[in-house]
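**Q** So I've got this file, model-v2.pdb, and it contains PDB, C-alpha atoms:
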MODEL        1
ATOM      1  CA  MET F   1     -54.793-159.797 -21.487
ATOM      2  CA  LYS F   2     -53.260-158.145 -18.434
ATOM      3  CA  THR F   3     -50.895-155.265 -19.168
ATOM      4  CA  VAL F   4     -47.392-155.855 -17.815
ATOM      5  CA  PHE F   5     -44.749-153.306 -16.948
ATOM      6  CA  PRO F   6     -42.692-152.558 -20.106
ATOM      7  CA  PHE F   7     -39.258-154.155 -20.278
ATOM      8  CA  SER F   8     -37.738-150.986 -21.683
ATOM      9  CA  ALA F   9     -39.130-148.968 -18.765
ATOM     10  CA  ILE F  10     -37.147-150.860 -16.130
ATOM     11  CA  VAL F  11     -34.665-148.491 -14.504
ATOM     12  CA  GLY F  12     -31.152-149.772 -13.815
ATOM     13  CA  GLN F  13     -30.590-153.493 -13.118
ATOM     14  CA  ASP F  14     -28.511-153.664 -16.297
ATOM     15  CA  ALA F  15     -26.966-157.039 -15.473
ATOM     16  CA  MET F  16     -30.354-158.652 -14.895
ATOM     17  CA  ARG F  17     -31.817-157.266 -18.109
ATOM     18  CA  LEU F  18     -28.740-158.360 -20.068
ATOM     19  CA  ALA F  19     -28.846-161.893 -18.650
ATOM     20  CA  LEU F  20     -32.547-162.291 -19.471
ATOM     21  CA  THR F  21     -32.048-160.948 -22.983
ATOM     22  CA  ILE F  22     -29.166-163.357 -23.606
ATOM     23  CA  ALA F  23     -31.334-166.259 -22.442
ATOM     24  CA  ALA F  24     -34.040-165.119 -24.868
ATOM     25  CA  VAL F  25     -31.564-165.135 -27.765
ATOM     26  CA  ASP F  26     -30.036-168.518 -26.882
ATOM     27  CA  PRO F  27     -32.055-170.674 -24.452
ATOM     28  CA  THR F  28     -29.241-173.255 -24.405
ATOM     29  CA  VAL F  29     -27.312-170.864 -22.143
ATOM     30  CA  GLY F  30     -29.186-172.590 -19.343
ATOM     31  CA  GLY F  31     -31.495-170.185 -17.563
ATOM     32  CA  VAL F  32     -31.008-167.274 -15.203
ATOM     33  CA  LEU F  33     -30.802-167.099 -11.424
ATOM     34  CA  VAL F  34     -31.575-163.717  -9.880
ATOM     35  CA  PHE F  35     -30.734-163.351  -6.196
ATOM     36  CA  GLY F  36     -31.038-160.201  -4.158
ATOM     37  CA  ASP F  37     -33.150-157.791  -2.183
ATOM     38  CA  ARG F  38     -36.929-157.862  -2.223
ATOM     39  CA  GLY F  39     -38.666-155.267  -4.344
ATOM     40  CA  THR F  40     -35.905-154.916  -6.937
ATOM     41  CA  GLY F  41     -37.997-155.855  -9.971
ATOM     42  CA  LYS F  42     -37.012-159.515 -10.359
ATOM     43  CA  SER F  43     -40.436-160.931 -11.234
ATOM     44  CA  THR F  44     -41.362-157.734 -13.100
ATOM     45  CA  ALA F  45     -38.384-158.155 -15.433
ATOM     46  CA  VAL F  46     -39.212-161.795 -16.272
ATOM     47  CA  ARG F  47     -42.808-161.078 -17.206
ATOM     48  CA  ALA F  48     -41.810-157.917 -19.040
ATOM     49  CA  LEU F  49     -39.309-159.806 -21.197
ATOM     50  CA  ALA F  50     -41.828-162.473 -22.175
ATOM     51  CA  ALA F  51     -44.298-159.763 -23.164
ATOM     52  CA  VAL F  52     -41.767-158.057 -25.412
ATOM     53  CA  LEU F  53     -40.803-161.256 -27.274
ATOM     54  CA  PRO F  54     -42.415-161.925 -30.655
ATOM     55  CA  PRO F  55     -45.216-164.532 -30.729
ATOM     56  CA  MET F  56     -44.122-168.084 -31.511
ATOM     57  CA  GLN F  57     -45.672-170.413 -34.068
ATOM     58  CA  ALA F  58     -47.278-173.325 -32.251
ATOM     59  CA  SER F  59     -49.347-176.366 -33.122
ATOM     60  CA  ASP F  60     -52.766-176.836 -31.563
ATOM     61  CA  CYS F  61     -51.650-179.606 -29.198
ATOM     62  CA  ALA F  62     -51.449-179.260 -25.404
ATOM     63  CA  TYR F  63     -47.702-178.618 -25.550
ATOM     64  CA  ARG F  64     -47.612-175.974 -28.299
ATOM     65  CA  CYS F  65     -45.029-177.901 -30.300
ATOM     66  CA  ASP F  66     -42.928-176.096 -32.887
ATOM     67  CA  PRO F  67     -44.261-177.131 -36.330
ATOM     68  CA  ALA F  68     -40.792-176.567 -37.787
ATOM     69  CA  ARG F  69     -39.115-179.079 -35.424
ATOM     70  CA  SER F  70     -40.765-182.463 -35.734
ATOM     71  CA  THR F  71     -37.968-184.184 -33.786
ATOM     72  CA  GLU F  72     -38.934-182.201 -30.672
ATOM     73  CA  ALA F  73     -42.680-182.729 -31.075
ATOM     74  CA  CYS F  74     -45.038-184.658 -28.806
ATOM     75  CA  GLU F  75     -46.488-188.045 -29.771
ATOM     76  CA  THR F  76     -49.686-186.489 -31.084
ATOM     77  CA  CYS F  77     -47.838-184.190 -33.461
ATOM     78  CA  ARG F  78     -45.408-186.906 -34.547
ATOM     79  CA  ASP F  79     -48.154-189.447 -35.222
ATOM     80  CA  GLY F  80     -50.287-186.947 -37.108
ATOM     81  CA  GLY F  81     -47.360-185.101 -38.631
ATOM     82  CA  THR F  82     -46.616-181.583 -37.498
ATOM     83  CA  GLY F  83     -47.338-180.379 -41.000
ATOM     84  CA  GLN F  84     -50.950-181.495 -40.584
ATOM     85  CA  THR F  85     -51.539-179.644 -37.326
ATOM     86  CA  LYS F  86     -52.759-176.086 -37.379
ATOM     87  CA  ALA F  87     -49.990-173.608 -36.572
ATOM     88  CA  THR F  88     -50.989-170.350 -34.958
ATOM     89  CA  PRO F  89     -49.009-167.501 -33.375
ATOM     90  CA  VAL F  90     -49.248-167.568 -29.572
ATOM     91  CA  PRO F  91     -47.550-165.520 -26.838
ATOM     92  CA  VAL F  92     -44.416-166.934 -25.251
ATOM     93  CA  PRO F  93     -45.642-168.534 -21.996
ATOM     94  CA  VAL F  94     -44.416-167.502 -18.554
ATOM     95  CA  VAL F  95     -45.471-170.111 -16.009
ATOM     96  CA  ASP F  96     -45.158-169.552 -12.274
ATOM     97  CA  LEU F  97     -44.253-172.590 -10.190
ATOM     98  CA  PRO F  98     -45.609-171.934  -6.665
ATOM     99  CA  LEU F  99     -43.618-173.276  -3.730
ATOM    100  CA  GLY F 100     -46.676-175.168  -2.512
ATOM    101  CA  ALA F 101     -47.326-176.909  -5.839
ATOM    102  CA  THR F 102     -47.733-180.681  -5.686
ATOM    103  CA  GLU F 103     -45.773-183.019  -7.906
ATOM    104  CA  ASP F 104     -48.964-183.924  -9.792
ATOM    105  CA  ARG F 105     -49.631-180.280 -10.578
ATOM    106  CA  ILE F 106     -46.097-179.844 -11.872
ATOM    107  CA  VAL F 107     -45.641-182.978 -13.997
ATOM    108  CA  GLY F 108     -49.296-183.739 -14.748
ATOM    109  CA  ALA F 109     -51.549-186.582 -13.675
ATOM    110  CA  LEU F 110     -54.595-188.663 -14.484
ATOM    111  CA  ASP F 111     -57.690-186.612 -15.313
ATOM    112  CA  LEU F 112     -59.884-187.907 -12.497
ATOM    113  CA  GLU F 113     -63.089-186.287 -13.758
ATOM    114  CA  ARG F 114     -62.716-187.957 -17.157
ATOM    115  CA  ALA F 115     -61.826-191.259 -15.507
ATOM    116  CA  LEU F 116     -64.884-191.200 -13.234
ATOM    117  CA  THR F 117     -67.443-189.918 -15.744
ATOM    118  CA  ALA F 118     -66.285-191.652 -18.934
ATOM    119  CA  GLY F 119     -64.074-194.423 -17.619
ATOM    120  CA  GLU F 120     -61.182-193.189 -19.751
ATOM    121  CA  LYS F 121     -57.559-192.822 -18.740
ATOM    122  CA  ARG F 122     -56.559-189.383 -19.927
ATOM    123  CA  PHE F 123     -53.486-187.350 -19.072
ATOM    124  CA  GLU F 124     -53.992-183.895 -17.609
ATOM    125  CA  PRO F 125     -50.849-181.860 -18.465
ATOM    126  CA  GLY F 126     -49.134-179.965 -15.673
ATOM    127  CA  LEU F 127     -47.065-176.814 -15.323
ATOM    128  CA  LEU F 128     -44.112-178.300 -17.196
ATOM    129  CA  ALA F 129     -46.318-178.820 -20.240
ATOM    130  CA  ARG F 130     -47.560-175.232 -20.086
ATOM    131  CA  ALA F 131     -43.987-173.940 -19.821
ATOM    132  CA  ASN F 132     -42.749-175.784 -22.915
ATOM    133  CA  ARG F 133     -40.951-173.352 -25.276
ATOM    134  CA  GLY F 134     -41.336-170.568 -22.729
ATOM    135  CA  PHE F 135     -40.194-169.572 -19.253
ATOM    136  CA  LEU F 136     -40.670-171.463 -16.007
ATOM    137  CA  TYR F 137     -40.387-168.936 -13.193
ATOM    138  CA  ILE F 138     -39.785-169.956  -9.578
ATOM    139  CA  ASP F 139     -39.772-167.215  -6.988
ATOM    140  CA  GLU F 140     -37.984-168.035  -3.716
ATOM    141  CA  ILE F 141     -36.424-171.004  -5.473
ATOM    142  CA  ASN F 142     -34.075-171.549  -2.539
ATOM    143  CA  LEU F 143     -37.110-172.641  -0.496
ATOM    144  CA  LEU F 144     -38.245-175.258  -3.024
ATOM    145  CA  GLU F 145     -38.596-178.762  -1.595
ATOM    146  CA  ASP F 146     -35.776-181.193  -2.373
ATOM    147  CA  HIS F 147     -37.890-183.766  -4.230
ATOM    148  CA  LEU F 148     -39.180-181.037  -6.560
ATOM    149  CA  VAL F 149     -35.615-179.839  -7.128
ATOM    150  CA  ASP F 150     -34.650-183.378  -8.178
ATOM    151  CA  LEU F 151     -37.614-183.486 -10.535
ATOM    152  CA  LEU F 152     -36.669-180.193 -12.168
ATOM    153  CA  LEU F 153     -33.054-181.289 -12.559
ATOM    154  CA  ASP F 154     -34.128-184.387 -14.489
ATOM    155  CA  VAL F 155     -36.462-182.488 -16.808
ATOM    156  CA  ALA F 156     -34.044-179.598 -17.349
ATOM    157  CA  ALA F 157     -31.297-182.039 -18.350
ATOM    158  CA  SER F 158     -33.423-184.076 -20.774
ATOM    159  CA  GLY F 159     -35.895-181.500 -22.091
ATOM    160  CA  GLU F 160     -38.598-184.138 -21.658
ATOM    161  CA  ASN F 161     -41.137-184.863 -18.947
ATOM    162  CA  VAL F 162     -41.791-188.546 -18.286
ATOM    163  CA  VAL F 163     -44.847-189.582 -16.257
ATOM    164  CA  GLU F 164     -45.247-193.212 -15.242
ATOM    165  CA  ARG F 165     -48.064-193.569 -12.713
ATOM    166  CA  GLU F 166     -51.669-194.683 -12.244
ATOM    167  CA  GLY F 167     -51.513-196.765 -15.394
ATOM    168  CA  LEU F 168     -50.295-193.795 -17.435
ATOM    169  CA  SER F 169     -47.157-193.735 -19.521
ATOM    170  CA  VAL F 170     -46.640-190.301 -21.023
ATOM    171  CA  ARG F 171     -43.662-188.501 -22.503
ATOM    172  CA  HIS F 172     -43.876-184.951 -23.705
ATOM    173  CA  PRO F 173     -41.446-182.129 -24.543
ATOM    174  CA  ALA F 174     -40.626-179.759 -21.686
ATOM    175  CA  ARG F 175     -37.979-177.376 -22.956
ATOM    176  CA  PHE F 176     -38.059-174.120 -21.088
ATOM    177  CA  VAL F 177     -35.834-171.346 -19.827
ATOM    178  CA  LEU F 178     -35.654-171.767 -16.077
ATOM    179  CA  ILE F 179     -35.717-168.472 -14.196
ATOM    180  CA  GLY F 180     -35.226-168.535 -10.448
ATOM    181  CA  SER F 181     -35.231-165.708  -7.961
ATOM    182  CA  GLY F 182     -34.841-165.432  -4.234
ATOM    183  CA  ASN F 183     -33.395-163.693  -1.230
ATOM    184  CA  PRO F 184     -30.087-165.221  -0.042
ATOM    185  CA  GLU F 185     -30.979-164.342   3.548
ATOM    186  CA  GLU F 186     -33.737-166.975   3.432
ATOM    187  CA  GLY F 187     -31.444-169.872   2.585
ATOM    188  CA  GLU F 188     -28.979-171.162   0.020
ATOM    189  CA  LEU F 189     -29.680-173.037  -3.175
ATOM    190  CA  ARG F 190     -28.705-176.680  -3.516
ATOM    191  CA  PRO F 191     -25.388-176.952  -5.408
ATOM    192  CA  GLN F 192     -26.866-179.365  -7.971
ATOM    193  CA  LEU F 193     -29.560-176.879  -8.950
ATOM    194  CA  LEU F 194     -27.261-173.878  -8.683
ATOM    195  CA  ASP F 195     -24.903-175.422 -11.240
ATOM    196  CA  ARG F 196     -27.771-175.933 -13.696
ATOM    197  CA  PHE F 197     -28.314-172.205 -14.095
ATOM    198  CA  GLY F 198     -26.301-170.732 -16.909
ATOM    199  CA  LEU F 199     -26.176-167.170 -15.602
ATOM    200  CA  SER F 200     -26.448-165.779 -12.104
ATOM    201  CA  VAL F 201     -27.183-162.164 -11.240
ATOM    202  CA  GLU F 202     -27.018-160.437  -7.892
ATOM    203  CA  VAL F 203     -29.422-157.507  -7.708
ATOM    204  CA  THR F 204     -29.332-154.829  -5.050
ATOM    205  CA  THR F 205     -31.508-151.893  -4.049
ATOM    206  CA  PRO F 206     -30.363-148.762  -5.900
ATOM    207  CA  THR F 207     -28.339-146.393  -3.723
ATOM    208  CA  ASP F 208     -28.373-143.516  -6.197
ATOM    209  CA  LEU F 209     -31.015-140.957  -5.238
ATOM    210  CA  ALA F 210     -32.008-140.059  -8.806
ATOM    211  CA  THR F 211     -32.433-143.735  -9.732
ATOM    212  CA  ARG F 212     -34.639-144.451  -6.721
ATOM    213  CA  ILE F 213     -36.849-141.469  -7.524
ATOM    214  CA  GLU F 214     -37.201-142.525 -11.164
ATOM    215  CA  VAL F 215     -38.131-146.093 -10.186
ATOM    216  CA  VAL F 216     -40.891-144.850  -7.872
ATOM    217  CA  LYS F 217     -42.201-142.360 -10.437
ATOM    218  CA  ARG F 218     -42.440-144.967 -13.209
ATOM    219  CA  ARG F 219     -44.025-147.588 -11.012
ATOM    220  CA  ASP F 220     -46.602-145.133  -9.709
ATOM    221  CA  ALA F 221     -47.400-143.945 -13.236
ATOM    222  CA  PHE F 222     -47.851-147.541 -14.383
ATOM    223  CA  GLU F 223     -50.199-148.440 -11.527
ATOM    224  CA  ARG F 224     -52.309-145.326 -12.165
ATOM    225  CA  ASP F 225     -52.679-145.964 -15.904
ATOM    226  CA  PRO F 226     -51.174-149.304 -17.046
ATOM    227  CA  GLU F 227     -52.321-149.083 -20.665
ATOM    228  CA  GLY F 228     -51.311-145.472 -21.127
ATOM    229  CA  PHE F 229     -47.934-145.941 -19.490
ATOM    230  CA  ALA F 230     -47.178-149.077 -21.533
ATOM    231  CA  ALA F 231     -48.195-147.337 -24.753
ATOM    232  CA  GLY F 232     -45.519-144.734 -24.128
ATOM    233  CA  TYR F 233     -42.889-147.450 -24.342
ATOM    234  CA  ASP F 234     -44.236-149.285 -27.392
ATOM    235  CA  ALA F 235     -41.484-147.941 -29.649
ATOM    236  CA  ALA F 236     -38.731-148.767 -27.156
ATOM    237  CA  ASN F 237     -40.125-152.273 -26.646
ATOM    238  CA  ALA F 238     -40.303-152.763 -30.411
ATOM    239  CA  ALA F 239     -36.623-151.855 -30.616
ATOM    240  CA  VAL F 240     -35.793-154.460 -27.957
ATOM    241  CA  ARG F 241     -37.866-157.037 -29.826
ATOM    242  CA  GLY F 242     -36.068-156.249 -33.068
ATOM    243  CA  THR F 243     -32.667-156.569 -31.396
ATOM    244  CA  ILE F 244     -33.561-159.989 -29.968
ATOM    245  CA  MET F 245     -34.940-161.248 -33.293
ATOM    246  CA  ALA F 246     -31.860-160.030 -35.146
ATOM    247  CA  GLY F 247     -29.654-161.680 -32.530
ATOM    248  CA  ARG F 248     -31.425-164.992 -33.019
ATOM    249  CA  GLN F 249     -30.919-164.758 -36.763
ATOM    250  CA  ARG F 250     -27.206-163.992 -36.424
ATOM    251  CA  LEU F 251     -26.456-166.528 -33.685
ATOM    252  CA  ARG F 252     -25.473-169.457 -35.910
ATOM    253  CA  SER F 253     -23.088-167.359 -37.957
ATOM    254  CA  ILE F 254     -21.077-166.029 -35.001
ATOM    255  CA  ALA F 255     -17.508-167.362 -34.990
ATOM    256  CA  VAL F 256     -15.762-168.401 -31.766
ATOM    257  CA  PRO F 257     -11.982-168.498 -32.388
ATOM    258  CA  ASP F 258      -9.788-171.021 -30.588
ATOM    259  CA  ALA F 259      -7.934-168.126 -28.967
ATOM    260  CA  THR F 260     -11.190-166.979 -27.335
ATOM    261  CA  LEU F 261     -11.961-170.490 -26.107
ATOM    262  CA  GLU F 262      -8.461-170.659 -24.669
ATOM    263  CA  LYS F 263      -9.077-167.448 -22.744
ATOM    264  CA  ALA F 264     -12.333-168.856 -21.344
ATOM    265  CA  ALA F 265     -10.553-172.029 -20.228
ATOM    266  CA  GLN F 266      -7.696-170.031 -18.691
ATOM    267  CA  LEU F 267     -10.167-167.937 -16.730
ATOM    268  CA  SER F 268     -11.977-171.025 -15.412
ATOM    269  CA  LEU F 269      -8.666-172.631 -14.443
ATOM    270  CA  ARG F 270      -7.572-169.496 -12.632
ATOM    271  CA  LEU F 271     -10.834-169.477 -10.668
ATOM    272  CA  GLY F 272     -10.759-173.223  -9.985
ATOM    273  CA  THR F 273     -14.297-173.915 -11.197
ATOM    274  CA  ASP F 274     -15.437-177.549 -11.162
ATOM    275  CA  GLY F 275     -16.223-179.245 -14.450
ATOM    276  CA  LEU F 276     -16.455-177.680 -17.884
ATOM    277  CA  ARG F 277     -19.979-176.277 -17.719
ATOM    278  CA  GLY F 278     -18.620-172.867 -16.721
ATOM    279  CA  GLU F 279     -16.594-172.172 -19.827
ATOM    280  CA  LEU F 280     -19.221-173.817 -22.063
ATOM    281  CA  THR F 281     -21.856-171.472 -20.657
ATOM    282  CA  LEU F 282     -19.492-168.510 -20.886
ATOM    283  CA  MET F 283     -18.829-169.274 -24.546
ATOM    284  CA  ARG F 284     -22.535-169.617 -25.375
ATOM    285  CA  ALA F 285     -23.441-166.433 -23.513
ATOM    286  CA  ALA F 286     -20.613-164.485 -25.154
ATOM    287  CA  ARG F 287     -21.769-165.706 -28.564
ATOM    288  CA  ALA F 288     -25.310-164.537 -27.808
ATOM    289  CA  LEU F 289     -23.945-161.170 -26.680
ATOM    290  CA  ALA F 290     -21.979-160.828 -29.908
ATOM    291  CA  ALA F 291     -25.140-161.675 -31.856
ATOM    292  CA  LEU F 292     -27.109-159.054 -29.939
ATOM    293  CA  GLU F 293     -24.515-156.388 -30.626
ATOM    294  CA  GLY F 294     -24.018-157.268 -34.285
ATOM    295  CA  ASP F 295     -20.450-158.539 -33.923
ATOM    296  CA  ALA F 296     -19.308-161.352 -36.193
ATOM    297  CA  VAL F 297     -16.686-162.821 -33.854
ATOM    298  CA  VAL F 298     -16.623-163.533 -30.121
ATOM    299  CA  GLU F 299     -13.717-161.691 -28.538
ATOM    300  CA  TRP F 300     -12.190-161.290 -25.101
ATOM    301  CA  THR F 301     -14.298-158.203 -24.426
ATOM    302  CA  HIS F 302     -17.471-160.307 -24.641
ATOM    303  CA  LEU F 303     -16.041-162.901 -22.256
ATOM    304  CA  ALA F 304     -14.872-160.285 -19.766
ATOM    305  CA  ARG F 305     -18.297-158.635 -19.590
ATOM    306  CA  LEU F 306     -20.149-161.879 -18.971
ATOM    307  CA  ALA F 307     -17.642-163.760 -16.822
ATOM    308  CA  PRO F 308     -19.170-162.582 -13.492
ATOM    309  CA  LEU F 309     -22.626-163.744 -14.651
ATOM    310  CA  ALA F 310     -21.472-167.134 -15.955
ATOM    311  CA  LEU F 311     -18.856-168.088 -13.365
ATOM    312  CA  SER F 312     -19.517-166.389 -10.016
ATOM    313  CA  HIS F 313     -22.029-169.009  -8.825
ATOM    314  CA  ARG F 314     -19.668-171.857  -9.727
ATOM    315  CA  LEU F 315     -16.830-170.869  -7.423
ATOM    316  CA  ARG F 316     -15.821-172.841  -4.394
ATOM    317  CA  ARG F 317     -15.963-170.992  -1.124
ATOM    318  CA  ASP F 318     -12.657-169.576   0.020
ATOM    319  CA  PRO F 319     -12.661-168.848   3.777
ATOM    320  CA  LEU F 320      -9.459-166.840   3.372
ATOM    321  CA  ASP F 321     -10.963-164.537   0.736
ATOM    322  CA  GLU F 322     -13.585-162.099   2.004
ATOM    323  CA  ALA F 323     -14.399-160.811  -1.476
ATOM    324  CA  GLY F 324     -17.708-161.833  -3.001
ATOM    325  CA  SER F 325     -17.876-164.274  -5.885
ATOM    326  CA  ALA F 326     -18.465-161.606  -8.531
ATOM    327  CA  ALA F 327     -15.537-159.585  -7.187
ATOM    328  CA  ARG F 328     -13.290-162.649  -7.357
ATOM    329  CA  VAL F 329     -14.254-163.204 -11.001
ATOM    330  CA  GLU F 330     -13.631-159.556 -11.874
ATOM    331  CA  ARG F 331     -10.264-159.737 -10.158
ATOM    332  CA  ALA F 332      -9.328-162.852 -12.140
ATOM    333  CA  VAL F 333     -10.399-161.127 -15.360
ATOM    334  CA  GLY F 334      -8.124-158.210 -14.525
ATOM    335  CA  GLU F 335      -5.206-160.521 -13.732
ATOM    336  CA  LEU F 336      -5.652-162.356 -17.023
ATOM    337  CA  GLU F 337      -5.734-159.069 -18.918
ATOM    338  CA  ALA F 338      -2.588-157.890 -17.161
ATOM    339  CA  ALA F 339      -0.786-161.127 -17.987
ATOM    340  CA  ALA F 340      -1.613-160.862 -21.695
TER     341      ALA F 340
ENDMDL
END
Once more with this new file: its structure as structure tokens, please.
**A**
Amino acid sequence: MKTVFPFSAIVGQDAMRLALTIAAVDPTVGGVLVFGDRGTGKSTAVRALAAVLPPMQASDCAYRCDPARSTEACETCRDGGTGQTKATPVPVPVVDLPLGATEDRIVGALDLERALTAGEKRFEPGLLARANRGFLYIDEINLLEDHLVDLLLDVAASGENVVEREGLSVRHPARFVLIGSGNPEEGELRPQLLDRFGLSVEVTTPTDLATRIEVVKRRDAFERDPEGFAAGYDAANAAVRGTIMAGRQRLRSIAVPDATLEKAAQLSLRLGTDGLRGELTLMRAARALAALEGDAVVEWTHLARLAPLALSHRLRRDPLDEAGSAARVERAVGELEAAA
């Protein structure tokens, strides 16, 4: 197995690491969009997080169904009973979706070799099947073709991939954390897909001299001796893993008072966000943050920290306001605090 750069060794990029960790604690937050300069560790962070997560129990089917959740299982596991399938620990998958991927490769298609040699119609699972219960990573997502964007929107909304073609009729679970990255200079993301991401992070090249030097030193040390470098961060990665596991355990017990929900709604109203997905995502993310930090109740401080990540990409453009989206959210947070 290829050694990946340790998650705990990433220098800076606190907002990106926090967003990814929150998505690992509560996948219902809705995925993470990371936009910014090239060479800022976007893809490194995604693969590093997956490597630090604890293995998941999976059945021996093509979709690695969760034996503990029969209602989310594939037809094979449901017909045979998930209790009868062999459960084994497997790494959390990180699946790359290349920009040039065909629809068949993504959703799956007829196994032509089996059809020609044995005369059998057999489904060959695609990338969505491999990503089930893991991460689907799309670099340069703003360059993804429109028909593939529509496909992803349907699957992300339902958590199920439906294939009806070439005499096949297949349904299988496809629940994944969607991670997208890109450079805004190369084009904008379609609003429909943009709204599907729970959290959005803008990453920039470090301007602090000491930080830049440390990034280069660590990357060079990793490339010279990947195993040795990673071993030096085993304890730190174990601490991250323990924090995420503890957060998952605490998540259901975290209370969200009506007063906190009211603050989230007030903030969304002040910013003029469309729909209710913004405050719903903000509430879920704040609850995951509270779980990560061992707090029993979601408070305004949790909302304020995560508001730029949950709301900045949902704002309408204001030609009269030259401030960036994140700055507008931070300003609204400050105004709400001052009015309290």
**Q** Which one of F:Leu127, F:Leu209, F:Ala221, F:Val155 sits closest to Phe5 of chain F if you count only C-alpha atoms?
**A**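 Using only C-alpha atoms, Phe5 of chain F sits closest to F:Ala221.
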**Q** Any idea what the distance is between atom CA of Asp154 of chain F and atom CA of Leu311 of chain F?
**A** 22.4 Å
**Q** Please identify all polymer residues within 12 Å of Leu18 of chain F, counting all atoms listed in the file, omitting same-chain residues fewer than 2 positions from it, and present them as a PyMOL selection string.
**A** chain F and resi 7-8+10+12-16+20-25+32+34+45-46+49+199-201+240+244+285-286+288-289+292-293+305-306+309
**Q** Considering all atoms listed in the file, state which residue in the set F:Gly36, F:Pro206, F:Gly275, F:Ser59 is at the smallest distance from Gly187 of chain F.
**A**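 For Gly187 of chain F, the nearest of the given residues is F:Gly36.
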**Q** Tell me which of F:Gly247, F:Phe229, F:Ala235, F:His302 sits closest to Lys263 of chain F, counting only C-alpha atoms.
**A**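 Residue with the minimum atom-to-atom distance to Lys263 of chain F: F:His302.
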**Q** List the spatial neighbours of Leu144 of chain F as a PDB file with C-alpha atoms, in the coordinates of the input - criterion: any atom at most 12 Å away, only C-alpha atoms, same-chain residues fewer than 6 positions off excluded.
**A**
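Saved as selection.pdb:
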ATOM      1  CA  LEU F  97     -44.253-172.590 -10.190  1.00  0.00           C
ATOM      2  CA  PRO F  98     -45.609-171.934  -6.665  1.00  0.00           C
ATOM      3  CA  LEU F  99     -43.618-173.276  -3.730  1.00  0.00           C
ATOM      4  CA  GLY F 100     -46.676-175.168  -2.512  1.00  0.00           C
ATOM      5  CA  ALA F 101     -47.326-176.909  -5.839  1.00  0.00           C
ATOM      6  CA  THR F 102     -47.733-180.681  -5.686  1.00  0.00           C
ATOM      7  CA  GLU F 103     -45.773-183.019  -7.906  1.00  0.00           C
ATOM      8  CA  ILE F 138     -39.785-169.956  -9.578  1.00  0.00           C
ATOM      9  CA  ASP F 150     -34.650-183.378  -8.178  1.00  0.00           C
ATOM     10  CA  LEU F 151     -37.614-183.486 -10.535  1.00  0.00           C
ATOM     11  CA  LEU F 152     -36.669-180.193 -12.168  1.00  0.00           C
ATOM     12  CA  GLY F 180     -35.226-168.535 -10.448  1.00  0.00           C
ATOM     13  CA  SER F 181     -35.231-165.708  -7.961  1.00  0.00           C
ATOM     14  CA  GLY F 182     -34.841-165.432  -4.234  1.00  0.00           C
ATOM     15  CA  GLU F 186     -33.737-166.975   3.432  1.00  0.00           C
ATOM     16  CA  GLY F 187     -31.444-169.872   2.585  1.00  0.00           C
ATOM     17  CA  GLU F 188     -28.979-171.162   0.020  1.00  0.00           C
ATOM     18  CA  LEU F 189     -29.680-173.037  -3.175  1.00  0.00           C
ATOM     19  CA  ARG F 190     -28.705-176.680  -3.516  1.00  0.00           C
ATOM     20  CA  LEU F 193     -29.560-176.879  -8.950  1.00  0.00           C
TER      21      LEU F 193
END
**Q** Neighbours of segment 91-96 of chain F within 8 Å (only C-alpha atoms; same-chain residues fewer than 3 positions away dropped), as a list in words?
**A**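 Near segment 91-96 of chain F, the qualifying residues are Arg47, Ala50, Ala51, Leu53, Pro54, Pro55, Met56, Leu127, Arg130, Ala131, Asn132, Arg133, Gly134, Phe135, Leu136, Tyr137, Ile138 and Asp139 of chain F.
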**Q** On this file, the PyMOL selection byres ((chain F and resi 65-80) around 10) gives some set of residues; write that set as a PDB file with C-alpha atoms, in the frame of the given file.
**A**
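Printed below is expr_33.pdb as written:
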ATOM      1  CA  MET F  56     -44.122-168.084 -31.511  1.00  0.00           C
ATOM      2  CA  GLN F  57     -45.672-170.413 -34.068  1.00  0.00           C
ATOM      3  CA  ALA F  58     -47.278-173.325 -32.251  1.00  0.00           C
ATOM      4  CA  SER F  59     -49.347-176.366 -33.122  1.00  0.00           C
ATOM      5  CA  ASP F  60     -52.766-176.836 -31.563  1.00  0.00           C
ATOM      6  CA  CYS F  61     -51.650-179.606 -29.198  1.00  0.00           C
ATOM      7  CA  ALA F  62     -51.449-179.260 -25.404  1.00  0.00           C
ATOM      8  CA  TYR F  63     -47.702-178.618 -25.550  1.00  0.00           C
ATOM      9  CA  ARG F  64     -47.612-175.974 -28.299  1.00  0.00           C
ATOM     10  CA  GLY F  81     -47.360-185.101 -38.631  1.00  0.00           C
ATOM     11  CA  THR F  82     -46.616-181.583 -37.498  1.00  0.00           C
ATOM     12  CA  GLY F  83     -47.338-180.379 -41.000  1.00  0.00           C
ATOM     13  CA  GLN F  84     -50.950-181.495 -40.584  1.00  0.00           C
ATOM     14  CA  THR F  85     -51.539-179.644 -37.326  1.00  0.00           C
ATOM     15  CA  LYS F  86     -52.759-176.086 -37.379  1.00  0.00           C
ATOM     16  CA  ALA F  87     -49.990-173.608 -36.572  1.00  0.00           C
ATOM     17  CA  THR F  88     -50.989-170.350 -34.958  1.00  0.00           C
ATOM     18  CA  ASN F 132     -42.749-175.784 -22.915  1.00  0.00           C
ATOM     19  CA  ARG F 133     -40.951-173.352 -25.276  1.00  0.00           C
ATOM     20  CA  GLY F 159     -35.895-181.500 -22.091  1.00  0.00           C
ATOM     21  CA  GLU F 160     -38.598-184.138 -21.658  1.00  0.00           C
ATOM     22  CA  VAL F 170     -46.640-190.301 -21.023  1.00  0.00           C
ATOM     23  CA  ARG F 171     -43.662-188.501 -22.503  1.00  0.00           C
ATOM     24  CA  HIS F 172     -43.876-184.951 -23.705  1.00  0.00           C
ATOM     25  CA  PRO F 173     -41.446-182.129 -24.543  1.00  0.00           C
ATOM     26  CA  ALA F 174     -40.626-179.759 -21.686  1.00  0.00           C
ATOM     27  CA  ARG F 175     -37.979-177.376 -22.956  1.00  0.00           C
TER      28      ARG F 175
END
